[in-house]
Structures are given as structure tokens and as C-alpha cells.
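**Student:** Contents of protein_32.pdb (PDB, C-alpha atoms and all ligand atoms):
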```pdb
ATOM      1  CA  MET A   1     110.976 182.978  75.091
ATOM      2  CA  LEU A   2     109.248 179.779  76.219
ATOM      3  CA  LEU A   3     112.529 178.507  77.629
ATOM      4  CA  THR A   4     113.011 181.700  79.684
ATOM      5  CA  PHE A   5     109.495 181.345  81.022
ATOM      6  CA  LEU A   6     110.100 177.703  81.991
ATOM      7  CA  TYR A   7     113.391 178.587  83.683
ATOM      8  CA  SER A   8     111.690 181.368  85.669
ATOM      9  CA  CYS A   9     108.879 179.039  86.793
ATOM     10  CA  THR A  10     111.290 176.291  87.865
ATOM     11  CA  GLY A  11     113.550 178.784  89.651
ATOM     12  CA  GLY A  12     110.555 180.390  91.393
ATOM     13  CA  ALA A  13     109.210 177.008  92.513
ATOM     14  CA  ALA A  14     112.644 175.936  93.786
ATOM     15  CA  LEU A  15     113.018 179.200  95.713
ATOM     16  CA  LEU A  16     109.551 178.802  97.276
ATOM     17  CA  TYR A  17     110.370 175.219  98.278
ATOM     18  CA  VAL A  18     113.668 176.220  99.913
ATOM     19  CA  LEU A  19     111.886 179.043 101.753
ATOM     20  CA  TYR A  20     109.098 176.721 102.946
ATOM     21  CA  ARG A  21     111.242 173.710 103.776
ATOM     22  CA  TRP A  22     114.349 175.312 105.364
ATOM     23  CA  LEU A  23     114.663 179.095 105.485
ATOM     24  CA  ILE A  24     111.406 180.094 107.194
ATOM     25  CA  PRO A  25     111.419 177.139 109.658
ATOM     26  CA  ALA A  26     115.036 177.981 110.574
ATOM     27  CA  ALA A  27     114.197 181.672 111.042
ATOM     28  CA  VAL A  28     111.124 181.091 113.225
ATOM     29  CA  GLN A  29     113.022 178.617 115.470
ATOM     30  CA  TYR A  30     114.099 181.572 117.622
ATOM     31  CA  HIS A  31     110.779 183.412 117.981
ATOM     32  CA  GLY A  32     107.865 181.788 119.833
ATOM     33  CA  GLY A  33     105.083 183.930 118.360
ATOM     34  CA  LEU A  34     106.336 183.587 114.787
ATOM     35  CA  ALA A  35     106.945 179.845 115.237
ATOM     36  CA  LEU A  36     103.363 179.286 116.398
ATOM     37  CA  ILE A  37     101.926 181.445 113.593
ATOM     38  CA  TRP A  38     104.048 179.667 110.954
ATOM     39  CA  HIS A  39     103.341 176.111 112.141
ATOM     40  CA  GLU A  40      99.731 176.455 113.256
ATOM     41  CA  VAL A  41      98.219 179.267 111.200
ATOM     42  CA  ILE A  42     100.069 178.834 107.898
ATOM     43  CA  VAL A  43     101.552 175.331 107.476
ATOM     44  CA  GLU A  44      98.880 173.246 109.226
ATOM     45  CA  PRO A  45      95.825 174.504 107.262
ATOM     46  CA  MET A  46      97.848 174.426 104.033
ATOM     47  CA  LEU A  47      98.861 170.769 104.525
ATOM     48  CA  ASP A  48      95.344 169.885 105.686
ATOM     49  CA  THR A  49      93.989 171.236 102.393
ATOM     50  CA  LEU A  50      96.692 169.678 100.222
ATOM     51  CA  THR A  51      96.521 166.227 101.842
ATOM     52  CA  GLN A  52      92.828 166.240 102.777
ATOM     53  CA  SER A  53      93.809 165.029 106.234
ATOM     54  CA  THR A  54      94.511 166.588 109.631
ATOM     55  CA  ARG A  55      97.829 166.968 111.445
ATOM     56  CA  PRO A  56      96.800 164.456 114.156
ATOM     57  CA  GLN A  57      95.856 161.960 111.416
ATOM     58  CA  ARG A  58      99.242 162.443 109.749
ATOM     59  CA  LEU A  59     100.959 162.026 113.129
ATOM     60  CA  LEU A  60      99.035 158.776 113.725
ATOM     61  CA  SER A  61     100.078 157.488 110.279
ATOM     62  CA  ALA A  62     103.717 158.185 111.179
ATOM     63  CA  VAL A  63     103.273 156.165 114.387
ATOM     64  CA  GLN A  64     101.659 153.253 112.534
ATOM     65  CA  LYS A  65     104.392 153.319 109.913
ATOM     66  CA  ASN A  66     107.461 153.789 112.113
ATOM     67  CA  ALA A  67     106.684 152.576 115.649
ATOM     68  CA  THR A  68     106.492 149.010 116.896
ATOM     69  CA  ARG A  69     103.152 147.972 118.340
ATOM     70  CA  GLY A  70     103.401 147.543 122.116
ATOM     71  CA  ASP A  71     106.633 149.541 122.354
ATOM     72  CA  PRO A  72     105.900 152.962 123.961
ATOM     73  CA  CYS A  73     109.453 154.246 123.437
ATOM     74  CA  SER A  74     109.211 153.629 119.707
ATOM     75  CA  VAL A  75     105.896 155.520 119.643
ATOM     76  CA  VAL A  76     107.464 158.533 121.368
ATOM     77  CA  LYS A  77     110.457 158.356 119.006
ATOM     78  CA  ALA A  78     108.250 158.145 115.905
ATOM     79  CA  ILE A  79     106.278 161.225 117.005
ATOM     80  CA  ASP A  80     109.438 163.199 117.776
ATOM     81  CA  GLN A  81     110.915 162.275 114.403
ATOM     82  CA  PHE A  82     107.688 163.311 112.646
ATOM     83  CA  CYS A  83     107.660 166.646 114.487
ATOM     84  CA  ARG A  84     111.322 167.419 113.877
ATOM     85  CA  SER A  85     111.532 166.360 110.242
ATOM     86  CA  LYS A  86     108.007 166.785 108.881
ATOM     87  CA  GLU A  87     105.569 168.851 110.929
ATOM     88  CA  TRP A  88     105.771 170.672 114.241
ATOM     89  CA  ALA A  89     103.005 169.672 116.706
ATOM     90  CA  MET A  90     102.062 170.870 120.186
ATOM     91  CA  ASN A  91     103.300 167.822 122.162
ATOM     92  CA  VAL A  92     105.431 168.518 125.215
ATOM     93  CA  GLY A  93     108.249 167.267 122.967
ATOM     94  CA  ASP A  94     111.537 165.427 123.458
ATOM     95  CA  GLU A  95     113.443 168.080 125.426
ATOM     96  CA  LYS A  96     110.789 169.001 128.014
ATOM     97  CA  GLY A  97     109.656 165.367 127.831
ATOM     98  CA  CYS A  98     112.906 164.345 129.551
ATOM     99  CA  ILE A  99     112.090 166.706 132.449
ATOM    100  CA  LEU A 100     108.574 165.256 132.614
ATOM    101  CA  ASP A 101     110.068 161.735 132.672
ATOM    102  CA  SER A 102     112.411 162.573 135.536
ATOM    103  CA  VAL A 103     109.592 164.091 137.636
ATOM    104  CA  VAL A 104     107.406 161.007 137.042
ATOM    105  CA  SER A 105     110.263 158.575 137.761
ATOM    106  CA  GLU A 106     111.277 160.389 140.948
ATOM    107  CA  LEU A 107     107.726 160.574 142.289
ATOM    108  CA  ASN A 108     106.592 157.093 141.185
ATOM    109  CA  PRO A 109     102.945 158.228 141.366
ATOM    110  CA  THR A 110      99.953 155.905 141.488
ATOM    111  CA  THR A 111      97.329 158.511 140.611
ATOM    112  CA  VAL A 112      97.991 160.983 137.797
ATOM    113  CA  LEU A 113      95.757 163.556 136.123
ATOM    114  CA  GLU A 114      96.699 165.032 132.755
ATOM    115  CA  LEU A 115      94.868 168.126 131.517
ATOM    116  CA  GLY A 116      95.107 168.229 127.697
ATOM    117  CA  THR A 117      95.757 164.938 125.853
ATOM    118  CA  TYR A 118      96.039 166.127 122.206
ATOM    119  CA  CYS A 119      97.431 163.039 120.351
ATOM    120  CA  GLY A 120      98.540 161.199 123.478
ATOM    121  CA  TYR A 121     102.279 161.882 123.254
ATOM    122  CA  SER A 122     102.778 162.936 126.896
ATOM    123  CA  THR A 123     100.160 160.386 127.973
ATOM    124  CA  VAL A 124     102.358 157.626 126.549
ATOM    125  CA  ARG A 125     105.502 159.103 128.119
ATOM    126  CA  ILE A 126     103.876 159.285 131.567
ATOM    127  CA  ALA A 127     102.005 155.957 131.444
ATOM    128  CA  ASN A 128     105.134 154.131 130.322
ATOM    129  CA  LEU A 129     106.885 155.118 133.561
ATOM    130  CA  LEU A 130     104.045 154.369 135.981
ATOM    131  CA  PRO A 131     104.245 151.439 138.377
ATOM    132  CA  PRO A 132     101.833 148.515 137.884
ATOM    133  CA  HIS A 133      98.264 149.309 139.055
ATOM    134  CA  ALA A 134      98.831 153.056 138.757
ATOM    135  CA  LYS A 135      96.149 155.064 137.023
ATOM    136  CA  LEU A 136      96.447 157.990 134.606
ATOM    137  CA  ILE A 137      93.309 159.961 133.823
ATOM    138  CA  THR A 138      93.718 162.290 130.852
ATOM    139  CA  LEU A 139      91.140 164.914 129.821
ATOM    140  CA  GLU A 140      90.614 166.143 126.256
ATOM    141  CA  PHE A 141      87.699 168.223 125.004
ATOM    142  CA  ASN A 142      88.327 167.883 121.267
ATOM    143  CA  PRO A 143      86.702 164.604 120.092
ATOM    144  CA  ASP A 144      88.880 164.391 116.955
ATOM    145  CA  PHE A 145      92.075 164.659 119.022
ATOM    146  CA  ALA A 146      90.683 162.165 121.559
ATOM    147  CA  ALA A 147      89.979 159.626 118.791
ATOM    148  CA  ILE A 148      93.576 159.874 117.543
ATOM    149  CA  ALA A 149      94.994 159.730 121.080
ATOM    150  CA  ARG A 150      93.089 156.503 121.795
ATOM    151  CA  GLN A 151      94.767 154.897 118.780
ATOM    152  CA  VAL A 152      98.228 156.204 119.713
ATOM    153  CA  ILE A 153      97.798 154.922 123.291
ATOM    154  CA  ALA A 154      96.523 151.554 122.014
ATOM    155  CA  TRP A 155      99.471 151.313 119.589
ATOM    156  CA  SER A 156     101.848 151.783 122.510
ATOM    157  CA  GLY A 157     100.058 149.021 124.454
ATOM    158  CA  LEU A 158      99.334 151.229 127.467
ATOM    159  CA  GLU A 159      95.538 151.409 127.314
ATOM    160  CA  GLU A 160      95.218 149.422 130.589
ATOM    161  CA  LYS A 161      96.895 152.218 132.515
ATOM    162  CA  VAL A 162      95.140 155.152 130.833
ATOM    163  CA  GLN A 163      91.605 156.429 131.108
ATOM    164  CA  LEU A 164      90.984 159.064 128.451
ATOM    165  CA  VAL A 165      87.925 161.133 129.290
ATOM    166  CA  GLU A 166      86.339 163.428 126.715
ATOM    167  CA  GLY A 167      85.138 166.766 128.002
ATOM    168  CA  ALA A 168      86.172 170.142 129.345
ATOM    169  CA  SER A 169      88.361 170.187 132.445
ATOM    170  CA  GLY A 170      86.115 172.719 134.187
ATOM    171  CA  ASP A 171      83.147 170.342 133.869
ATOM    172  CA  LEU A 172      85.007 167.114 134.630
ATOM    173  CA  ILE A 173      87.205 168.059 137.606
ATOM    174  CA  PRO A 174      84.248 168.398 140.021
ATOM    175  CA  LYS A 175      83.048 164.898 138.993
ATOM    176  CA  ILE A 176      86.353 163.053 139.317
ATOM    177  CA  LYS A 177      85.926 161.772 142.893
ATOM    178  CA  GLN A 178      82.446 160.473 142.230
ATOM    179  CA  ASP A 179      82.815 159.224 138.649
ATOM    180  CA  PHE A 180      86.361 157.878 138.617
ATOM    181  CA  GLY A 181      86.920 156.796 142.209
ATOM    182  CA  VAL A 182      90.115 158.796 142.707
ATOM    183  CA  GLN A 183      90.365 160.722 145.972
ATOM    184  CA  THR A 184      93.557 162.713 145.401
ATOM    185  CA  PHE A 185      96.249 162.899 142.707
ATOM    186  CA  ASP A 186      99.939 162.366 143.335
ATOM    187  CA  LEU A 187     100.754 164.232 140.116
ATOM    188  CA  VAL A 188      98.840 166.620 137.851
ATOM    189  CA  PHE A 189     100.296 167.520 134.456
ATOM    190  CA  LEU A 190      98.787 170.799 133.227
ATOM    191  CA  ASP A 191      99.065 171.106 129.461
ATOM    192  CA  HIS A 192      95.698 172.354 128.204
ATOM    193  CA  TRP A 193      94.763 175.921 127.183
ATOM    194  CA  LYS A 194      96.864 178.292 129.187
ATOM    195  CA  ASP A 195      94.041 180.460 130.558
ATOM    196  CA  ARG A 196      92.633 177.356 132.294
ATOM    197  CA  TYR A 197      95.713 176.566 134.430
ATOM    198  CA  LEU A 198      94.807 178.907 137.280
ATOM    199  CA  PRO A 199      91.019 178.344 137.429
ATOM    200  CA  ASP A 200      91.489 174.562 137.189
ATOM    201  CA  THR A 201      94.125 174.598 139.935
ATOM    202  CA  LYS A 202      91.749 176.484 142.215
ATOM    203  CA  LEU A 203      88.989 174.039 141.227
ATOM    204  CA  MET A 204      91.177 171.023 142.093
ATOM    205  CA  GLU A 205      91.953 172.624 145.461
ATOM    206  CA  ALA A 206      88.259 173.298 146.118
ATOM    207  CA  CYS A 207      87.313 169.731 145.138
ATOM    208  CA  GLY A 208      89.916 168.283 147.497
ATOM    209  CA  LEU A 209      91.826 166.551 144.716
ATOM    210  CA  LEU A 210      95.216 167.723 146.001
ATOM    211  CA  ARG A 211      96.840 166.299 149.126
ATOM    212  CA  LYS A 212      99.918 167.458 151.009
ATOM    213  CA  GLY A 213     102.780 166.561 148.679
ATOM    214  CA  SER A 214     100.762 166.451 145.437
ATOM    215  CA  ILE A 215     102.783 167.814 142.548
ATOM    216  CA  LEU A 216     101.539 170.122 139.821
ATOM    217  CA  LEU A 217     103.746 170.112 136.743
ATOM    218  CA  ALA A 218     102.806 172.847 134.272
ATOM    219  CA  ASP A 219     104.023 173.024 130.670
ATOM    220  CA  ASN A 220     104.465 176.154 128.524
ATOM    221  CA  VAL A 221     104.785 178.517 131.468
ATOM    222  CA  ILE A 222     106.960 180.856 129.364
ATOM    223  CA  CYS A 223     105.790 180.217 125.800
ATOM    224  CA  PRO A 224     102.921 180.851 125.152
ATOM    225  CA  GLY A 225     103.057 181.641 128.903
ATOM    226  CA  THR A 226     100.802 181.431 131.954
ATOM    227  CA  PRO A 227     101.609 184.582 133.968
ATOM    228  CA  ASP A 228      98.590 184.458 136.299
ATOM    229  CA  TYR A 229      99.255 180.810 137.172
ATOM    230  CA  LEU A 230     102.980 181.415 137.761
ATOM    231  CA  GLU A 231     102.256 184.405 139.970
ATOM    232  CA  TYR A 232      99.817 182.267 141.988
ATOM    233  CA  VAL A 233     101.995 179.188 142.597
ATOM    234  CA  ARG A 234     105.117 181.272 143.211
ATOM    235  CA  SER A 235     103.548 183.619 145.733
ATOM    236  CA  SER A 236     101.099 181.312 147.514
ATOM    237  CA  PRO A 237     102.247 179.862 150.871
ATOM    238  CA  ARG A 238     100.388 176.699 149.854
ATOM    239  CA  TYR A 239     102.991 175.847 147.187
ATOM    240  CA  GLU A 240     106.709 175.388 146.899
ATOM    241  CA  SER A 241     107.545 176.065 143.288
ATOM    242  CA  GLN A 242     110.529 175.480 141.019
ATOM    243  CA  TYR A 243     111.158 176.377 137.355
ATOM    244  CA  PHE A 244     112.851 173.975 134.921
ATOM    245  CA  LYS A 245     114.265 175.917 132.005
ATOM    246  CA  SER A 246     114.020 174.317 128.578
ATOM    247  CA  HIS A 247     112.726 175.148 125.082
ATOM    248  CA  LEU A 248     109.379 175.274 123.346
ATOM    249  CA  GLU A 249     108.831 171.864 121.746
ATOM    250  CA  TYR A 250     110.988 171.282 118.656
ATOM    251  CA  THR A 251     112.354 174.875 118.664
ATOM    252  CA  LYS A 252     115.087 176.975 120.272
ATOM    253  CA  VAL A 253     112.672 179.411 121.957
ATOM    254  CA  GLU A 254     112.852 179.499 125.742
ATOM    255  CA  ASP A 255     110.050 177.676 127.539
ATOM    256  CA  GLY A 256     109.940 175.569 130.655
ATOM    257  CA  LEU A 257     108.027 173.510 133.161
ATOM    258  CA  GLU A 258     106.976 174.734 136.598
ATOM    259  CA  LYS A 259     106.932 172.074 139.301
ATOM    260  CA  SER A 260     104.865 173.061 142.310
ATOM    261  CA  VAL A 261     104.490 170.973 145.453
ATOM    262  CA  PHE A 262     101.148 171.445 147.232
ATOM    263  CA  LEU A 263     101.866 171.969 150.919
ATOM    264  CA  GLY A 264      98.290 171.515 152.084
TER     265      GLY A 264
HETATM  266  C1  LIG A 301      99.236 171.417 124.207
HETATM  267  S1  LIG A 301      98.026 170.257 123.809
HETATM  268  C2  LIG A 301      98.397 168.893 124.862
HETATM  269  C3  LIG A 301      99.649 168.205 124.474
HETATM  270  C4  LIG A 301      99.879 166.903 125.205
HETATM  271  N1  LIG A 301      99.813 167.070 126.633
HETATM  272  C5  LIG A 301     101.230 166.336 124.839
HETATM  273  O1  LIG A 301     102.237 166.823 125.370
HETATM  274  O2  LIG A 301     101.282 165.436 124.005
HETATM  275  C6  LIG A 301      96.600 170.956 124.602
HETATM  276  C7  LIG A 301      95.354 170.100 124.461
HETATM  277  O3  LIG A 301      94.441 170.483 125.480
HETATM  278  C8  LIG A 301      93.130 170.414 124.978
HETATM  279  N2  LIG A 301      92.343 171.298 125.851
HETATM  280  C9  LIG A 301      92.462 172.650 125.939
HETATM  281  N3  LIG A 301      91.677 173.140 126.911
HETATM  282  C10 LIG A 301      91.027 172.071 127.454
HETATM  283  C11 LIG A 301      90.086 171.927 128.503
HETATM  284  N4  LIG A 301      89.663 173.002 129.211
HETATM  285  N5  LIG A 301      89.637 170.691 128.800
HETATM  286  C12 LIG A 301      90.078 169.602 128.108
HETATM  287  N6  LIG A 301      90.978 169.687 127.102
HETATM  288  C13 LIG A 301      91.453 170.892 126.781
HETATM  289  C14 LIG A 301      93.265 170.880 123.539
HETATM  290  O4  LIG A 301      92.197 170.449 122.745
HETATM  291  C15 LIG A 301      94.599 170.264 123.145
HETATM  292  O5  LIG A 301      94.423 169.022 122.548
END
```
Just give me the structure of the file as C-alpha cells.
Ligand SMILES: C[S@@+](CC[C@H](N)C(=O)[O-])C[C@H]1O[C@@H](n2cnc3c(N)ncnc32)[C@H](O)[C@@H]1O
**Tutor:**
Amino acid sequence: MLLTFLYSCTGGAALLYVLYRWLIPAAVQYHGGLALIWHEVIVEPMLDTLTQSTRPQRLLSAVQKNATRGDPCSVVKAIDQFCRSKEWAMNVGDEKGCILDSVVSELNPTTVLELGTYCGYSTVRIANLLPPHAKLITLEFNPDFAAIARQVIAWSGLEEKVQLVEGASGDLIPKIKQDFGVQTFDLVFLDHWKDRYLPDTKLMEACGLLRKGSILLADNVICPGTPDYLEYVRSSPRYESQYFKSHLEYTKVEDGLEKSVFLG
């Protein structure tokens, strides 16, 4: 009787583990909504409670354990490994990250604005490719994420090139010229909450932060999606816009980046 009970408990626990570790993650790989619910609404709070830490803190620990100080590529690799083998996180990720890299390398920008820092993954990718004396300003309104990002950026040795500013994009964009001495941006990477892409683009236009030839590169235009922004940049005569098809970070769900050249 006791033996049967013990067998049932062990079998049940093993089944739950297989479901949690492989079956559900494999199933949600193909569905954006389910993937986000599984990783953000179910797994993240559960692990936060079990480990008494946050996902960004666990990501930082993985960087400190597996990446070499002063080596940005090893920082990016450590984060990608953590997100593929341990926990999904909302970085632009390795696949779309390659598209981001090629846009940055081709443009060779000296002034870059990033909207949405999170743990600093894309910040490190961009800053690592910038020429000497270039400046990347990255905005993050969550102070806990900003604190982690500062440590990730410092670990990669790129803090000289990056200015992380804490606050909401809608409040900070109008102050950029005056407070940070940048007149216009060569490149803007939009990767904050999706309902802010369009209002912040219009705000950057109104504040004169875009010049003829400035490039807006927007992440997650398909998943979770930014339909109002896409409609705007694709139909406005002020932009020439191009879609780069890819996948939602660390999944097989379609997502992509929209590159839009401001024509003035
Ligand atoms: C998708 S994550 C950014 C990921 C990051 N770019 C990367 O690839 O590593 C979005 C981040 O934007 C921040 N955010 C959202 N809306 C914002 C706003 N209006 N102003 C500043 N930060 C914002 C969130 O707190 C979150 O950390």
C-alpha cells in the first residue's frame, strides 16, 4: 500500500517535471500568446517565489558566472544560453539580434537612442558595434531593471559608450536636446511597450530629434505587434520602410523588425 503510494507520487512528480521542463515549452514555441503567458505569467512568478529572486537577477548571475569581464560577446552569449536553456526573457534575442547587428554595422551611427533597456542585452549588442566616441542613450522606466542593466553593461566593459537614463520615454524625449546635448539621432531602436512606439515616434519628430536619413528600427512589430505604428511608417510619405522577417526571441513564432528611414 505504502509502496504503491510512493510509486504514484514519484511518477506524478516525474510527469510534472517532464511537462514543465520539455513538453509545455516545446508546445508553446509555436504560439506567441501562449508562449508569453507560459513564460511571463506562469514560470516567472513561480521561479521568483521558489528562488526568492527576480528573473533579471538570475540573468545577471548567469552573466557573472559564465561571461568574461570586459568581453561583450561573452555577455551576449551567456544571456542567450540562459534564455535558451533556463528561462525565456524579453531581450531582442540571438536571431533578431543578428539583424540589429547588421543594421548598426551598416549605418555606423554616432548617436543612438534605445527605448526600453530591460537587462541591457540589446544595449550591449549595439554599443559593442559603435565606433569610438559614439554615444548610446538608453531609456528604462523600471528602476529594478535599470539597476541590473547597469551591472550587465559594466560587466561587458561598455559603460563609457552608454548613458542609461531612468524614466518614461514620453517624459524624457522632450528633454534630450537640452539635458543630453544630442541634436539628432542616427539610429533609434524602439523596444519598449508596444503602445508607445507611435506616440514616441511622433514626439521625436516634433522635438526635431530625427534628421533626413535617421533610421528607426522597431522590434516586435508582429508579436506582440504594433499595428498602429506599422500602419504609420508604411503609409507615411516621410518614411521608407522595410520589414525583416524573423522569430520572437527564443521561439519559433513569427516576429520581425521594421526598419524605417526618415526622409525629412
Ligand atoms: C522588451 S524590453 C527591452 C528589451 C531590450 N531592448 C533588449 O533587447 O535587451 C522592454 C523594456 O522597456 C521598458 N519600458 C516600457 N515602456 C517604457 C517607457 N515608456 N519608457 C521607458 N522604458 C519603458 C520596460 O520596463 C522593459 O524593461
**Student:** If you take every atom of ligand LIG 301 (chain A) that the file lists and fit an axis-aligned box around them with 3 Å extra on each side, what centre and edge lengths come out in Å to one decimal, as AutoDock Vina command-line options?
**Tutor:**
```
--center_x 95.9 --center_y 169.3 --center_z 125.9 --size_x 18.6 --size_y 13.7 --size_z 12.7
```
**Student:** Running the PyMOL selection byres (((chain A and resi 228) around 10) and not hetatm) on this model by hand, what would come out? Give it as an mmCIF file with C-alpha atoms, in the coordinates of the input.
**Tutor:**
```cif
data_model
loop_
_atom_site.group_PDB
_atom_site.id
_atom_site.type_symbol
_atom_site.label_atom_id
_atom_site.label_comp_id
_atom_site.auth_asym_id
_atom_site.auth_seq_id
_atom_site.Cartn_x
_atom_site.Cartn_y
_atom_site.Cartn_z
ATOM 1 C CA LYS A 194 96.864 178.292 129.187
ATOM 2 C CA ASP A 195 94.041 180.460 130.558
ATOM 3 C CA TYR A 197 95.713 176.566 134.430
ATOM 4 C CA LEU A 198 94.807 178.907 137.280
ATOM 5 C CA PRO A 199 91.019 178.344 137.429
ATOM 6 C CA VAL A 221 104.785 178.517 131.468
ATOM 7 C CA GLY A 225 103.057 181.641 128.903
ATOM 8 C CA THR A 226 100.802 181.431 131.954
ATOM 9 C CA PRO A 227 101.609 184.582 133.968
ATOM 10 C CA TYR A 229 99.255 180.810 137.172
ATOM 11 C CA LEU A 230 102.980 181.415 137.761
ATOM 12 C CA GLU A 231 102.256 184.405 139.970
ATOM 13 C CA TYR A 232 99.817 182.267 141.988
ATOM 14 C CA VAL A 233 101.995 179.188 142.597
#
```
**Student:** Please identify all polymer residues within 6 Å of Phe189 of chain A, counting only C-alpha atoms, omitting same-chain residues fewer than 3 positions from it, and present them as a PyMOL selection string.
**Tutor:** chain A and resi 114+217-218
**Student:** In Å, with one decimal, what is the gap from atom CA of Ala147 of chain A to atom CA of Leu60 of chain A?
**Tutor:**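 Computing the Euclidean distance for atom CA of Ala147 of chain A and atom CA of Leu60 of chain A yields 10.4 Å.
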**Student:** Measuring between all atoms listed in the file, which one of A:Glu95, A:Glu87, A:Arg234, A:Ala27 shows the shortest distance to Leu47 of chain A?
**Tutor:**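 Nearest to Leu47 of chain A: A:Glu87.
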**Student:** Might you spell out which residues the PyMOL selection byres (((chain A and resi 164) around 10) and not hetatm) would select in the displayed file, as number ranges by chain?
**Tutor:** A: 114, 117, 120, 123, 136-140, 146-147, 149-150, 153, 159, 161-163, 165-167
**Student:** Could you give me, as a ChimeraX atom specification, the residues within 12 Å of Ala35 of chain A, counting all atoms listed in the file and dropping anything in the same chain fewer than 4 positions from it?
**Tutor:** /A:24-31,39-43,87-90,223-224,248-253
**Student:** Please identify the residues whose atoms come within 7 Å of ligand LIG 301 (chain A), using all atoms listed in the file, and report them as number ranges by chain.
**Tutor:** A: 90-93, 115-123, 139-142, 145, 167-170, 191-193, 196
**Student:** Can you work out which one of A:Leu257, A:Val103, A:Leu216, A:Val152 has the shortest atom-to-atom distance to Lys65 of chain A, counting only C-alpha atoms?
**Tutor:** A:Val152
**Student:** Which of these, A:Gly208, A:Gly181, A:Gly157, A:Gly256, has the shortest distance to Arg69 of chain A once you count all atoms listed in the file?
**Tutor:**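 Smallest separation from Arg69 of chain A among the options: A:Gly157.
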**Student:** Give me, please, the distance in Å between atom CA of Gly12 of chain A and atom CA of Gln52 of chain A, quoted to one decimal.
**Tutor:**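 If I compute the distance from atom CA of Gly12 of chain A to atom CA of Gln52 of chain A, I get 25.4 Å.
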**Student:** So what do you get for atom CA of Thr110 of chain A versus atom CA of His133 of chain A, distance-wise?
**Tutor:**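 Computed distance, atom CA of Thr110 of chain A to atom CA of His133 of chain A, equals 7.2 Å.
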**Student:** Using all atoms listed in the file - which residues lie no farther than 12 Å from the point (102.5, 164.0, 141.5) in the file's frame? Write them as a PyMOL selection string.
**Tutor:** chain A and resi 100-114+126+130+134-136+184-190+209-218+259-262
**Student:** Okay, now the selection with C-alpha atoms, as a tab-separated table (two decimals), keeping the file's coordinate frame?
**Tutor:**
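So the final result, stored in again36.tsv, reads:
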```
chain	number	residue	atom	x	y	z
A	100	LEU	CA	108.57	165.26	132.61
A	101	ASP	CA	110.07	161.74	132.67
A	102	SER	CA	112.41	162.57	135.54
A	103	VAL	CA	109.59	164.09	137.64
A	104	VAL	CA	107.41	161.01	137.04
A	105	SER	CA	110.26	158.57	137.76
A	106	GLU	CA	111.28	160.39	140.95
A	107	LEU	CA	107.73	160.57	142.29
A	108	ASN	CA	106.59	157.09	141.18
A	109	PRO	CA	102.94	158.23	141.37
A	110	THR	CA	99.95	155.90	141.49
A	111	THR	CA	97.33	158.51	140.61
A	112	VAL	CA	97.99	160.98	137.80
A	113	LEU	CA	95.76	163.56	136.12
A	114	GLU	CA	96.70	165.03	132.76
A	126	ILE	CA	103.88	159.28	131.57
A	130	LEU	CA	104.04	154.37	135.98
A	134	ALA	CA	98.83	153.06	138.76
A	135	LYS	CA	96.15	155.06	137.02
A	136	LEU	CA	96.45	157.99	134.61
A	184	THR	CA	93.56	162.71	145.40
A	185	PHE	CA	96.25	162.90	142.71
A	186	ASP	CA	99.94	162.37	143.34
A	187	LEU	CA	100.75	164.23	140.12
A	188	VAL	CA	98.84	166.62	137.85
A	189	PHE	CA	100.30	167.52	134.46
A	190	LEU	CA	98.79	170.80	133.23
A	209	LEU	CA	91.83	166.55	144.72
A	210	LEU	CA	95.22	167.72	146.00
A	211	ARG	CA	96.84	166.30	149.13
A	212	LYS	CA	99.92	167.46	151.01
A	213	GLY	CA	102.78	166.56	148.68
A	214	SER	CA	100.76	166.45	145.44
A	215	ILE	CA	102.78	167.81	142.55
A	216	LEU	CA	101.54	170.12	139.82
A	217	LEU	CA	103.75	170.11	136.74
A	218	ALA	CA	102.81	172.85	134.27
A	259	LYS	CA	106.93	172.07	139.30
A	260	SER	CA	104.86	173.06	142.31
A	261	VAL	CA	104.49	170.97	145.45
A	262	PHE	CA	101.15	171.44	147.23
```
**Student:** Pull out every residue that the PyMOL selection byres (((chain A and resi 68) around 12) and not hetatm) matches in the shown coordinates and put them as a list in words.
**Tutor:**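 Selected by the PyMOL selection byres (((chain A and resi 68) around 12) and not hetatm) here: Ala62, Val63, Gln64, Lys65, Asn66, Ala67, Arg69, Gly70, Asp71, Pro72, Cys73, Ser74, Val75, Val76, Lys77, Ala78, Val152, Ala154, Trp155, Ser156 and Gly157 of chain A.
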